[in-house]
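A quick write-up on the structure given underneath.
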Amino acid sequence: MNDVDCIVIGAGVIGLAAARVMAAREREVVILERERQFGLHTSSRNSEVIHAGIHYPANSLKAKLCVAGRDLLYRYCAERGIEHRRCGKYTVATSTEQLQMLEKIEANARANGVVDLQWLDAAQVMRAEPQLRCIRALSSPMTGIIDSHAYLQSLLADAQSSGATIAYGTEVTALRPTPAGIEIVVAPDADPAVRAQFVLNSAGLQAHRVAASVVGFPAQYIPNVRYAKGSYFSLSGASPFSRLVYPAPAPGGHLGIHLTLDLAGHARFGPDTEWVNSIDYRVDPKRAMVFADLIRHYWPAVDAGRLSPAHAGIRPKVSDAGEATPDFRISGPEEHGVAGLVNLFGIESPGLTASLALAEYVAAMMH
Ligand SMILES: Cc1cc2nc3c(=O)[nH]c(=O)nc-3n(C[C@H](O)[C@H](O)[C@H](O)COP(=O)(O)OP(=O)(O)OC[C@H]3O[C@@H](n4cnc5c(N)ncnc54)[C@H](O)[C@@H]3O)c2cc1C
């Protein structure tokens, strides 16, 4: 059995960002990834939006890490030449009831330290985006888009150039805490392959299962995880808008079927919310009609025939009863009592935006 300092389970954006920070601090880091490539799950199945940090409850980890991570991410992209664009976003109200929702967003944004939002009336919106219909909009100039694949690739290259290694096709099946460190068993073996002083469980949709595989782990520190699938449809032809367009969020906090752009300027709509029991990324083409009905509220000219199924992603939801927007759940030894282990649960949006700040946060816990 080999001994290493840090094991990172999962090569999504969070595992790679954390491995990069720890390796840069001269820690010995090995990343274990069960797939044959990095970033094949949630990290490549999202909206690729750099969020400004306006939606998350004040003082939540999501709010703090999104705002800090956004600035770090823009700087990192500029330094490394990673394609991105600060294209801005309009959140639109199409009814007077929705205006209250926008006012709440503005107040929340201020509480999170985001003070650059601007109100636009219908005429100003029409001048900027002639096909967009609303009674008022909130403009967020700080919102942008990123080439997430190039970002993940760059994180991995940084980690490797600081000495980290990655083992693909390596599925962690059990963790055994011992006085000398945490022993790690990988499929198909029964005996541990490696022992580490620190283990970061950044297994995304499987993080609760990995936690459950820790021998003797107290079950009360594993949240109930539910999967919320979000499907996307791409729009053929030219994009009707030059910036991101979000409807006013629903009362439960869901951001609604929004329009995002990729860096080539192509438009796609999504994600919706569908509760599922298993990981199946297929997109049901029949949902196009439902999408078109929702999009029509702010883009009356939408034609369902131009929508075709794109990708889907799955959010690991860890909501407690009555908690509309569950926070990231970062659980270390002071909570669960297993020395050297940090579990990351519920790392849904804005995990991509927050990744560099979240990595610093976790690295500090693993000191
Ligand atoms: C629909 C959708 C839209 C989103 N849009 C945005 C957005 O626009 N902006 C934003 O900031 N955030 C967004 N997010 C959130 C963001 O994508 C996630 O927070 C982030 O990608 C989570 O990364 P991760 O590393 O935790 O998980 P993942 O990317 O899923 O990585 C986990 C890795 O662990 C591996 N793994 C699992 N089990 C094991 C095991 N037992 N052994 C070894 N490896 C294992 C998996 O194979 C995987 O590679 C969105 C999320 C969704 C679902």
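Chains: A, B, ... in order of the structure tokens. Residues: from 1 per chain. Ligands: from 1, in order shown.
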(message) Distance limit 7 Å, reference ligand 1, atoms considered: only C-alpha atoms and all ligand atoms. Which residues make the cut? Give them as an NGL selection string.
(response) :A and (9-15 or 32-35 or 38-51 or 170-173 or 202-207 or 210 or 229-231 or 271 or 312-315 or 347-354)
Kindly export the residues of the current selection with N, CA and C atoms, as a short mmCIF file (atom, residue, chain, number, x, y, z; two decimals), in the first residue's frame.
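Result file result17.cif:
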data_model
loop_
_atom_site.label_atom_id
_atom_site.label_comp_id
_atom_site.auth_asym_id
_atom_site.auth_seq_id
_atom_site.Cartn_x
_atom_site.Cartn_y
_atom_site.Cartn_z
N ILE A 9 -11.03 12.79 -4.55
CA ILE A 9 -11.92 11.85 -5.26
C ILE A 9 -12.80 12.66 -6.21
N GLY A 10 -12.60 12.44 -7.53
CA GLY A 10 -13.43 13.12 -8.53
C GLY A 10 -12.67 14.21 -9.25
N ALA A 11 -12.66 14.12 -10.59
CA ALA A 11 -12.00 15.13 -11.42
C ALA A 11 -13.03 15.98 -12.14
N GLY A 12 -13.97 16.53 -11.35
CA GLY A 12 -14.83 17.60 -11.85
C GLY A 12 -14.14 18.92 -11.56
N VAL A 13 -14.85 20.00 -11.79
CA VAL A 13 -14.21 21.31 -11.61
C VAL A 13 -13.77 21.53 -10.16
N ILE A 14 -14.52 20.98 -9.21
CA ILE A 14 -14.19 21.23 -7.80
C ILE A 14 -12.95 20.42 -7.40
N GLY A 15 -12.92 19.15 -7.76
CA GLY A 15 -11.76 18.33 -7.43
C GLY A 15 -10.49 18.88 -8.09
N LEU A 32 -8.24 10.72 -7.93
CA LEU A 32 -8.81 9.44 -8.38
C LEU A 32 -10.13 9.72 -9.09
N GLU A 33 -10.24 9.30 -10.35
CA GLU A 33 -11.44 9.58 -11.15
C GLU A 33 -11.91 8.27 -11.77
N ARG A 34 -13.18 7.97 -11.58
CA ARG A 34 -13.64 6.65 -12.07
C ARG A 34 -13.87 6.62 -13.58
N GLU A 35 -14.07 7.79 -14.19
CA GLU A 35 -14.25 7.81 -15.65
C GLU A 35 -12.88 7.81 -16.34
N PHE A 38 -11.51 13.61 -17.47
CA PHE A 38 -11.98 14.53 -16.43
C PHE A 38 -13.27 15.21 -16.90
N GLY A 39 -14.06 15.69 -15.95
CA GLY A 39 -15.21 16.56 -16.26
C GLY A 39 -16.29 15.96 -17.13
N LEU A 40 -16.58 14.69 -16.98
CA LEU A 40 -17.62 14.11 -17.85
C LEU A 40 -19.02 14.27 -17.27
N HIS A 41 -19.14 14.70 -16.01
CA HIS A 41 -20.48 14.81 -15.41
C HIS A 41 -20.89 16.27 -15.29
N THR A 42 -21.29 16.70 -14.10
CA THR A 42 -21.93 18.02 -13.97
C THR A 42 -21.06 19.16 -14.52
N SER A 43 -19.75 19.02 -14.39
CA SER A 43 -18.88 20.12 -14.81
C SER A 43 -18.89 20.38 -16.31
N SER A 44 -19.39 19.43 -17.09
CA SER A 44 -19.50 19.68 -18.54
C SER A 44 -20.98 19.69 -18.96
N ARG A 45 -21.87 19.78 -17.98
CA ARG A 45 -23.31 19.68 -18.29
C ARG A 45 -24.05 20.81 -17.60
N ASN A 46 -23.59 22.02 -17.85
CA ASN A 46 -24.18 23.17 -17.17
C ASN A 46 -24.37 24.31 -18.15
N SER A 47 -24.68 25.51 -17.65
CA SER A 47 -24.95 26.65 -18.54
C SER A 47 -23.68 27.43 -18.90
N GLU A 48 -22.57 27.09 -18.30
CA GLU A 48 -21.28 27.78 -18.53
C GLU A 48 -21.38 29.28 -18.25
N VAL A 49 -22.18 29.61 -17.25
CA VAL A 49 -22.36 31.02 -16.90
C VAL A 49 -21.47 31.38 -15.72
N ILE A 50 -20.78 32.50 -15.83
CA ILE A 50 -20.07 33.06 -14.68
C ILE A 50 -21.09 33.96 -13.98
N HIS A 51 -21.58 33.50 -12.84
CA HIS A 51 -22.65 34.23 -12.15
C HIS A 51 -22.09 35.41 -11.36
N THR A 170 -10.54 4.81 -12.04
CA THR A 170 -10.26 4.39 -10.66
C THR A 170 -11.43 4.80 -9.77
N GLU A 171 -12.28 3.83 -9.48
CA GLU A 171 -13.48 4.13 -8.69
C GLU A 171 -13.24 3.80 -7.22
N VAL A 172 -13.41 4.78 -6.37
CA VAL A 172 -13.27 4.56 -4.93
C VAL A 172 -14.51 3.82 -4.44
N THR A 173 -14.29 2.69 -3.76
CA THR A 173 -15.44 1.90 -3.29
C THR A 173 -15.54 1.86 -1.77
N SER A 202 -14.92 14.91 -3.44
CA SER A 202 -15.57 15.84 -4.38
C SER A 202 -16.13 15.00 -5.53
N ALA A 203 -16.94 14.01 -5.14
CA ALA A 203 -17.49 13.06 -6.13
C ALA A 203 -18.83 13.50 -6.69
N GLY A 204 -19.18 14.77 -6.51
CA GLY A 204 -20.37 15.32 -7.17
C GLY A 204 -21.64 14.55 -6.84
N LEU A 205 -22.27 14.00 -7.86
CA LEU A 205 -23.54 13.30 -7.70
C LEU A 205 -23.41 12.04 -6.84
N GLN A 206 -22.17 11.56 -6.67
CA GLN A 206 -21.94 10.35 -5.88
C GLN A 206 -21.37 10.66 -4.50
N ALA A 207 -21.26 11.92 -4.13
CA ALA A 207 -20.54 12.25 -2.88
C ALA A 207 -21.21 11.61 -1.67
N VAL A 210 -20.14 7.97 -1.63
CA VAL A 210 -18.75 7.83 -1.16
C VAL A 210 -18.71 8.00 0.36
N LYS A 229 -32.88 16.93 -12.46
CA LYS A 229 -32.32 16.98 -13.83
C LYS A 229 -32.72 18.30 -14.51
N GLY A 230 -31.81 18.84 -15.27
CA GLY A 230 -32.10 20.06 -16.03
C GLY A 230 -31.73 19.82 -17.48
N SER A 231 -32.71 19.92 -18.38
CA SER A 231 -32.46 19.69 -19.81
C SER A 231 -32.32 21.01 -20.54
N PRO A 271 -31.88 25.49 -17.90
CA PRO A 271 -32.40 24.14 -17.73
C PRO A 271 -33.77 24.15 -17.04
N ALA A 312 -28.11 17.57 -20.98
CA ALA A 312 -28.79 17.71 -19.69
C ALA A 312 -27.75 17.57 -18.59
N GLY A 313 -28.03 18.17 -17.46
CA GLY A 313 -27.17 18.01 -16.28
C GLY A 313 -28.05 17.68 -15.09
N ILE A 314 -27.42 17.24 -14.02
CA ILE A 314 -28.21 16.86 -12.83
C ILE A 314 -27.66 17.57 -11.60
N ARG A 315 -28.59 18.20 -10.86
CA ARG A 315 -28.19 18.92 -9.65
C ARG A 315 -28.33 17.99 -8.44
N ILE A 347 -23.09 20.41 -4.32
CA ILE A 347 -22.34 21.44 -5.06
C ILE A 347 -23.01 21.64 -6.43
N GLU A 348 -24.14 22.32 -6.37
CA GLU A 348 -24.86 22.67 -7.61
C GLU A 348 -24.46 24.09 -8.00
N SER A 349 -25.26 24.76 -8.83
CA SER A 349 -24.92 26.12 -9.22
C SER A 349 -24.88 27.02 -7.99
N PRO A 350 -23.92 27.88 -7.83
CA PRO A 350 -22.91 28.35 -8.79
C PRO A 350 -21.53 27.69 -8.59
N GLY A 351 -21.49 26.37 -8.59
CA GLY A 351 -20.23 25.68 -8.30
C GLY A 351 -19.12 26.00 -9.30
N LEU A 352 -19.48 26.13 -10.57
CA LEU A 352 -18.46 26.44 -11.58
C LEU A 352 -17.86 27.83 -11.30
N THR A 353 -18.73 28.80 -11.06
CA THR A 353 -18.26 30.17 -10.79
C THR A 353 -17.44 30.21 -9.51
N ALA A 354 -17.91 29.46 -8.49
CA ALA A 354 -17.30 29.53 -7.16
C ALA A 354 -16.04 28.70 -7.04
#
(request) Once DSSP has gone over the backbone, tell me which residues of stretch 25-232 of chain A are in strand (DSSP E or B), as a PyMOL selection string. (result) chain A and resi 29-32+49-50+84-85+89-93+118-121+136-140+144-146+165-167+172-178+181-186+194-201+214+226-232
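Take the candidates A:Leu152, A:Ala93, A:Val30, A:Met126 and check each one against A:Leu138 using only C-alpha atoms; the shortest distance goes to A:Ala93.
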Return as a tab-separated table the residues of stretch 81-147 of chain A lying at most 12 Å from stretch 272-295 of chain A, together with the closest atom-to-atom pair for each and the distance in Å to one decimal, counting only C-alpha atoms, with rows in chain order and ascending residue number.
residue	atom	partner	partner_atom	distance
A:Val92	CA	A:Ile295	CA	11.6
A:Thr94	CA	A:Ile295	CA	11.2
A:Gln131	CA	A:Ile295	CA	12.0
A:Leu132	CA	A:Ile295	CA	10.4
A:Arg133	CA	A:Ile295	CA	10.6
A:Cys134	CA	A:Ile295	CA	12.0
Restricting it to C-alpha atoms, dump the selection as a PDB file, in the first residue's frame.
ATOM      1  CA  VAL A  92     -36.948  40.331 -17.040  1.00  0.00           C
ATOM      2  CA  THR A  94     -43.277  40.222 -17.783  1.00  0.00           C
ATOM      3  CA  GLN A 131     -37.127  40.935 -29.799  1.00  0.00           C
ATOM      4  CA  LEU A 132     -37.347  40.882 -25.993  1.00  0.00           C
ATOM      5  CA  ARG A 133     -40.707  41.656 -24.350  1.00  0.00           C
ATOM      6  CA  CYS A 134     -40.994  42.712 -20.706  1.00  0.00           C
TER       7      CYS A 134
END
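Minimum atom-to-atom distance to A:Tyr246, evaluated using only C-alpha atoms, belongs to A:Leu102 out of A:Ile145, A:Leu102, A:Ala212, A:Ala196.
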